[in-house]
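To start, the structure itself, in structure tokens.
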Amino acid sequence: MRQTESNLIRALPLFENVSAEYFDELMNAAFLQRFPQGVNLINEGDLPDFLHIVVDGSVEMFATHNGHETTIDIMRPVTTFILAAVIRDKVYLKSARTLTPAQILMIPAQTVRDVFGRDAAFARAIVDELAERYRSVVRSLKNEKLRSSAERLANWILQEDAHQGNSRTVALTIGKRTLASRLGMTPENLSRSLAHLSKYGLKQSADGFIIENVAVLQRFAKPNALIDK
């Protein structure tokens with residue numbers, strides 16, 4: 001692993017206060033690998049072998065049941081995913097695949113659990129991250145249950161615009177079918193919601209969206225700090 005990549009990992013809240021000795025132990029056991037788009041990294045129902053950290057690219061978290069599939073989340077650099085399964089040594093409740101070409105750091109699950117039991121700072125950081133993930137799940141549930149499809153889409157576009165630098169030109173970096181699934185709607189509902197948002201300052205472009213009137217779109221979306229992050 002290059003020093004720049006190690007520094008990225010070290011800067012994560014999960015690792016920033018770990019003692020040098022235990023951080024080196026984690027990194028010496030880790031593997032940094034590149035994967036092409038569309039590779040399954042983990043499968044729901046399997047026991048965890050590694051803690052995965054997205055260093056570059058994006059990873060789609062998804063689940064299947066009775067012939068149906070849904071996108072649960074999209075992970076971007078630099079972040080871990082499915083930490084709870086690793087700590088509990090329980091089966092994954094979600095699957096993961098690379099949404100784009102990605103670079104993934106994999107730390108053996110047993111090493112993570114060993115250091116968790118010996119380094120108090122690491123243990124506290126893990127508790128903090130698990131608590132934050134729980135709060136994220138609550139936000140997601142509130143978003144889906146308290147908003148219409150068009151409102152969820154409008155808020156996603158506003159958040160994505162902020163993530164991309166508030167240029168008001170939002171590049172769609174995932175497929176529309178994946179976006180619809182992530183927002184808890186069908187592709188048909190997504191199309192209807194996009195048509196509806198055209199009345200509120202949103203225009204579709206060849207590769208995404210153009211926010212022509214952000215104030216009007218915000219009034220429709222009604223961003224809420226207790227739902228959105």
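Starting from 1 in every chain, residues are counted up; chains themselves are A, B, ... following the order of the structure tokens, and ligands are numbered from 1 as listed.
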### Message
List as a list of chain:residue names the protein and nucleic acid residues near segment 116-125 of chain A, meaning an atom at most 9 Å away when only C-alpha atoms are counted, but skip any in the same chain fewer than 4 places from it.
### Response
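These residues fall inside the cut-off: A:Pro13, A:Leu14, A:Phe15, A:Glu16, A:Asn17, A:Val18, A:Ser19, A:Tyr22, A:Ile87, A:Thr111, A:Val112, A:Glu129, A:Leu130.
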Store the residues picked out above, limited to N, CA, C and O atoms, as a PDB file, in the first residue's frame.
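Output (out21.pdb):
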ATOM      1  N   PRO A  13     -12.346   8.092  10.812  1.00  0.00           N
ATOM      2  CA  PRO A  13     -12.637   8.101  12.251  1.00  0.00           C
ATOM      3  C   PRO A  13     -12.436   6.742  12.913  1.00  0.00           C
ATOM      4  O   PRO A  13     -12.073   6.663  14.087  1.00  0.00           O
ATOM      5  N   LEU A  14     -12.651   5.666  12.145  1.00  0.00           N
ATOM      6  CA  LEU A  14     -12.497   4.322  12.699  1.00  0.00           C
ATOM      7  C   LEU A  14     -11.056   4.025  13.097  1.00  0.00           C
ATOM      8  O   LEU A  14     -10.809   3.224  14.007  1.00  0.00           O
ATOM      9  N   PHE A  15     -10.093   4.666  12.443  1.00  0.00           N
ATOM     10  CA  PHE A  15      -8.685   4.318  12.653  1.00  0.00           C
ATOM     11  C   PHE A  15      -7.829   5.454  13.190  1.00  0.00           C
ATOM     12  O   PHE A  15      -6.688   5.211  13.591  1.00  0.00           O
ATOM     13  N   GLU A  16      -8.353   6.678  13.233  1.00  0.00           N
ATOM     14  CA  GLU A  16      -7.475   7.818  13.505  1.00  0.00           C
ATOM     15  C   GLU A  16      -6.866   7.799  14.899  1.00  0.00           C
ATOM     16  O   GLU A  16      -5.779   8.363  15.111  1.00  0.00           O
ATOM     17  N   ASN A  17      -7.522   7.168  15.873  1.00  0.00           N
ATOM     18  CA  ASN A  17      -6.987   7.158  17.236  1.00  0.00           C
ATOM     19  C   ASN A  17      -6.419   5.806  17.657  1.00  0.00           C
ATOM     20  O   ASN A  17      -6.023   5.632  18.815  1.00  0.00           O
ATOM     21  N   VAL A  18      -6.368   4.863  16.729  1.00  0.00           N
ATOM     22  CA  VAL A  18      -5.787   3.553  17.032  1.00  0.00           C
ATOM     23  C   VAL A  18      -4.287   3.727  17.260  1.00  0.00           C
ATOM     24  O   VAL A  18      -3.617   4.499  16.561  1.00  0.00           O
ATOM     25  N   SER A  19      -3.747   3.015  18.222  1.00  0.00           N
ATOM     26  CA  SER A  19      -2.308   3.115  18.482  1.00  0.00           C
ATOM     27  C   SER A  19      -1.532   2.685  17.245  1.00  0.00           C
ATOM     28  O   SER A  19      -2.009   1.896  16.427  1.00  0.00           O
ATOM     29  N   TYR A  22      -1.162  -1.131  16.788  1.00  0.00           N
ATOM     30  CA  TYR A  22      -2.323  -1.894  16.322  1.00  0.00           C
ATOM     31  C   TYR A  22      -2.728  -1.483  14.911  1.00  0.00           C
ATOM     32  O   TYR A  22      -3.222  -2.302  14.139  1.00  0.00           O
ATOM     33  N   ILE A  87     -17.839  -7.520  13.208  1.00  0.00           N
ATOM     34  CA  ILE A  87     -17.664  -7.501  14.662  1.00  0.00           C
ATOM     35  C   ILE A  87     -18.443  -8.623  15.329  1.00  0.00           C
ATOM     36  O   ILE A  87     -17.962  -9.295  16.251  1.00  0.00           O
ATOM     37  N   THR A 111      -8.628 -10.391  12.414  1.00  0.00           N
ATOM     38  CA  THR A 111      -7.677  -9.373  12.866  1.00  0.00           C
ATOM     39  C   THR A 111      -8.418  -8.171  13.423  1.00  0.00           C
ATOM     40  O   THR A 111      -8.030  -7.608  14.450  1.00  0.00           O
ATOM     41  N   VAL A 112      -9.485  -7.771  12.745  1.00  0.00           N
ATOM     42  CA  VAL A 112     -10.296  -6.647  13.227  1.00  0.00           C
ATOM     43  C   VAL A 112     -10.861  -6.962  14.609  1.00  0.00           C
ATOM     44  O   VAL A 112     -10.805  -6.129  15.527  1.00  0.00           O
ATOM     45  N   GLU A 129     -19.018   4.295  15.015  1.00  0.00           N
ATOM     46  CA  GLU A 129     -19.400   4.052  13.616  1.00  0.00           C
ATOM     47  C   GLU A 129     -20.686   3.238  13.525  1.00  0.00           C
ATOM     48  O   GLU A 129     -21.558   3.525  12.690  1.00  0.00           O
ATOM     49  N   LEU A 130     -20.829   2.231  14.365  1.00  0.00           N
ATOM     50  CA  LEU A 130     -22.066   1.437  14.354  1.00  0.00           C
ATOM     51  C   LEU A 130     -23.265   2.291  14.743  1.00  0.00           C
ATOM     52  O   LEU A 130     -24.351   2.150  14.170  1.00  0.00           O
TER      53      LEU A 130
END
### Task
Looking only at alpha helix (DSSP H) from DSSP on the backbone, list the matching residues of segment 1-107 of chain A as a list in words.
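So, restricting segment 1-107 of chain A to alpha helix (DSSP H), we get Gln3, Thr4, Glu5, Ser6, Asn7, Leu8, Ile9, Arg10, Ala20, Glu21, Tyr22, Phe23, Asp24, Glu25, Leu26, Met27, Asn28, Leu83, Ala84, Ala85, Val86, Ile87 and Arg88 of chain A.
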### Task
Write out as JSON, numbers by chain each polymer residue whose atoms come within 8 Å of Pro108 of chain A, counting only C-alpha atoms; drop sequence neighbours fewer than 6 positions from it.
{"A": [29, 30, 49, 50, 51]}
Could you take the residues named above and write them with N, CA and C atoms, as a tab-separated table (two decimals), in the first residue's frame?
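Ended up saving to again-v7.tsv:
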chain	number	residue	atom	x	y	z
A	29	ALA	N	-1.84	-6.94	7.81
A	29	ALA	CA	-2.67	-8.10	7.46
A	29	ALA	C	-3.59	-7.83	6.27
A	30	ALA	N	-3.64	-6.57	5.83
A	30	ALA	CA	-4.64	-6.16	4.83
A	30	ALA	C	-4.17	-6.41	3.40
A	49	ASP	N	-15.29	-12.71	5.85
A	49	ASP	CA	-13.86	-13.01	5.92
A	49	ASP	C	-13.04	-11.74	6.12
A	50	PHE	N	-13.56	-10.61	5.62
A	50	PHE	CA	-12.81	-9.35	5.64
A	50	PHE	C	-13.71	-8.18	6.01
A	51	LEU	N	-13.11	-7.14	6.55
A	51	LEU	CA	-13.72	-5.83	6.59
A	51	LEU	C	-13.28	-5.11	5.33
### Task
Using only C-alpha atoms, determine which residues lie at most 10 Å from segment 184-191 of chain A, disregarding the query and same-chain residues fewer than 6 positions distant; provide the list as a list of chain:residue names.
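Selected residues are A:Thr70, A:Thr71, A:Ile72, A:Asn143, A:Glu144, A:Lys145, A:Ser148, A:Ser149, A:Ala150, A:Arg152, A:Leu153, A:Lys176, A:Arg177, A:Thr178, A:Leu197.
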### Task
Could you tell me which of A:Asp89, A:Glu21, A:Glu5, A:Glu69 comes closest to Asp56 of chain A if we count only C-alpha atoms?
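Looking at the shortest contact to Asp56 of chain A, the residue is A:Glu5.
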#### Entry: Long-range neighbours of Ser136 of chain A as a PyMOL selection string, 9 Å cut-off, only C-alpha atoms, 4 positions minimum in chain
chain A and resi 131-132+140-141+227+229
Store the residues of this selection in a file with N, CA and C atoms, as a compact mmCIF listing (two decimals), in the first residue's frame.
# COMPACT_ATOMS: atom_id res chain seq x y z
N ALA A 131 -23.07 3.21 15.70
CA ALA A 131 -24.16 4.11 16.09
C ALA A 131 -24.52 5.03 14.94
N GLU A 132 -23.52 5.53 14.22
CA GLU A 132 -23.79 6.41 13.08
C GLU A 132 -24.51 5.66 11.97
N SER A 140 -32.92 6.95 6.59
CA SER A 140 -33.39 6.34 5.35
C SER A 140 -34.85 5.89 5.47
N LEU A 141 -35.20 5.30 6.60
CA LEU A 141 -36.58 4.86 6.82
C LEU A 141 -37.53 6.06 6.84
N ILE A 227 -33.74 14.29 8.65
CA ILE A 227 -33.84 13.21 7.67
C ILE A 227 -32.59 13.17 6.79
N LYS A 229 -28.73 14.26 5.39
CA LYS A 229 -27.41 14.49 5.96
C LYS A 229 -26.50 15.07 4.89
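Residues of segment 128-227 of chain A that DSSP places in strand (DSSP E), based on the backbone of this structure, are Thr169, Val170, Ala171, Leu202, Lys203, Gln204, Ser205, Gly208, Phe209, Ile210 and Ile211 of chain A.
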Please dump the current selection as a compact mmCIF listing (two decimals), in the first residue's frame; keep all heavy atoms.
# COMPACT_ATOMS: atom_id res chain seq x y z
N THR A 169 -25.40 21.61 -11.98
CA THR A 169 -25.39 20.63 -13.06
C THR A 169 -24.98 19.30 -12.44
O THR A 169 -23.81 19.11 -12.08
CB THR A 169 -24.41 21.03 -14.17
OG1 THR A 169 -24.78 22.31 -14.69
CG2 THR A 169 -24.42 20.01 -15.30
N VAL A 170 -25.93 18.40 -12.29
CA VAL A 170 -25.71 17.17 -11.54
C VAL A 170 -25.47 16.01 -12.50
O VAL A 170 -26.36 15.64 -13.27
CB VAL A 170 -26.92 16.86 -10.63
CG1 VAL A 170 -26.67 15.59 -9.82
CG2 VAL A 170 -27.21 18.04 -9.70
N ALA A 171 -24.27 15.45 -12.46
CA ALA A 171 -23.96 14.29 -13.30
C ALA A 171 -24.55 13.04 -12.64
O ALA A 171 -24.37 12.83 -11.44
CB ALA A 171 -22.45 14.14 -13.46
N LEU A 202 -36.33 21.82 -12.37
CA LEU A 202 -35.40 20.75 -12.72
C LEU A 202 -35.54 20.38 -14.19
O LEU A 202 -36.64 20.22 -14.70
CB LEU A 202 -35.64 19.51 -11.87
CG LEU A 202 -34.63 18.36 -12.09
CD1 LEU A 202 -33.28 18.72 -11.48
CD2 LEU A 202 -35.14 17.05 -11.52
N LYS A 203 -34.41 20.23 -14.86
CA LYS A 203 -34.38 19.85 -16.27
C LYS A 203 -33.44 18.67 -16.44
O LYS A 203 -32.37 18.63 -15.84
CB LYS A 203 -33.91 21.04 -17.12
CG LYS A 203 -33.80 20.76 -18.60
CD LYS A 203 -33.30 22.00 -19.34
CE LYS A 203 -33.10 21.73 -20.83
NZ LYS A 203 -32.58 22.93 -21.53
N GLN A 204 -33.83 17.71 -17.24
CA GLN A 204 -32.95 16.58 -17.53
C GLN A 204 -31.95 16.96 -18.62
O GLN A 204 -32.27 17.71 -19.54
CB GLN A 204 -33.76 15.36 -17.98
CG GLN A 204 -34.65 14.79 -16.91
CD GLN A 204 -35.25 13.46 -17.32
OE1 GLN A 204 -34.55 12.47 -17.49
NE2 GLN A 204 -36.57 13.45 -17.47
N SER A 205 -30.73 16.43 -18.49
CA SER A 205 -29.70 16.62 -19.52
C SER A 205 -29.25 15.27 -20.02
O SER A 205 -29.72 14.23 -19.56
CB SER A 205 -28.51 17.39 -18.93
OG SER A 205 -27.87 16.63 -17.92
N GLY A 208 -27.43 13.71 -16.94
CA GLY A 208 -27.87 13.97 -15.56
C GLY A 208 -29.00 14.97 -15.50
O GLY A 208 -29.99 14.87 -16.22
N PHE A 209 -28.81 15.97 -14.62
CA PHE A 209 -29.87 16.95 -14.37
C PHE A 209 -29.29 18.35 -14.29
O PHE A 209 -28.14 18.54 -13.90
CB PHE A 209 -30.59 16.63 -13.04
CG PHE A 209 -30.96 15.19 -12.88
CD1 PHE A 209 -30.21 14.36 -12.05
CD2 PHE A 209 -32.04 14.65 -13.56
CE1 PHE A 209 -30.55 13.02 -11.89
CE2 PHE A 209 -32.37 13.32 -13.42
CZ PHE A 209 -31.63 12.50 -12.59
N ILE A 210 -30.12 19.33 -14.64
CA ILE A 210 -29.76 20.74 -14.50
C ILE A 210 -30.80 21.37 -13.57
O ILE A 210 -32.00 21.29 -13.83
CB ILE A 210 -29.75 21.46 -15.86
CG1 ILE A 210 -28.68 20.85 -16.77
CG2 ILE A 210 -29.48 22.95 -15.66
CD1 ILE A 210 -28.73 21.36 -18.20
N ILE A 211 -30.32 21.96 -12.49
CA ILE A 211 -31.21 22.66 -11.56
C ILE A 211 -31.30 24.11 -12.04
O ILE A 211 -30.37 24.90 -11.86
CB ILE A 211 -30.69 22.59 -10.12
CG1 ILE A 211 -30.53 21.13 -9.69
CG2 ILE A 211 -31.63 23.33 -9.18
CD1 ILE A 211 -29.89 20.95 -8.31
### Task
Can you work out which one of A:Arg10, A:His52, A:Lys90, A:Arg97 has the shortest atom-to-atom distance to Gln37 of chain A, counting only C-alpha atoms?
A:Arg97
### Query
Mind pulling up the distance from atom CA of Asp228 of chain A to atom CA of Arg139 of chain A?
6.8 Å
### Message
Please compute the atom CA of Arg2 of chain A-atom CA of Gln103 of chain A distance, one decimal, in Å.
### Response
12.6 Å
### Task
Write out as a ChimeraX atom specification which residues come within 8 Å of Gly57 of chain A when counting only C-alpha atoms, dropping same-chain ones fewer than 5 positions away.
/A:76-77,98-103
Leaving out Leu93 of chain A and any residue of its chain fewer than 3 positions from it, which residues lie within 8 Å of it when counting only C-alpha atoms, given as a short mmCIF file (atom, residue, chain, number, x, y, z; two decimals) with C-alpha atoms, in the first residue's frame?
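To be explicit, this is the file written out as part_39.cif:
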data_model
loop_
_atom_site.label_atom_id
_atom_site.label_comp_id
_atom_site.auth_asym_id
_atom_site.auth_seq_id
_atom_site.Cartn_x
_atom_site.Cartn_y
_atom_site.Cartn_z
CA GLU A 44 -25.71 -12.05 1.76
CA GLY A 45 -25.87 -15.17 3.91
CA ALA A 63 -30.31 -7.58 -1.42
#
## Note on the structure
Among A:Val127, A:Val55, A:Ala96, A:Val137, Ala84 of chain A is approached most closely, using only C-alpha atoms, by A:Val127
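For the set A:Glu212, A:Phe23, A:Met75, A:Leu146, the residue with the smallest atom-to-atom gap to Ser167 of chain A is A:Glu212, counting only C-alpha atoms.
Using only C-alpha atoms, the nearest neighbour of Lys94 of chain A within the list A:Phe81, A:Phe31, A:Phe62, A:Phe220 is A:Phe62.
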### Task
Grab the atom CA of Trp156 of chain A to atom CA of Pro223 of chain A distance for me, in Å with one decimal place.
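Computed distance, atom CA of Trp156 of chain A to atom CA of Pro223 of chain A, equals 9.8 Å.
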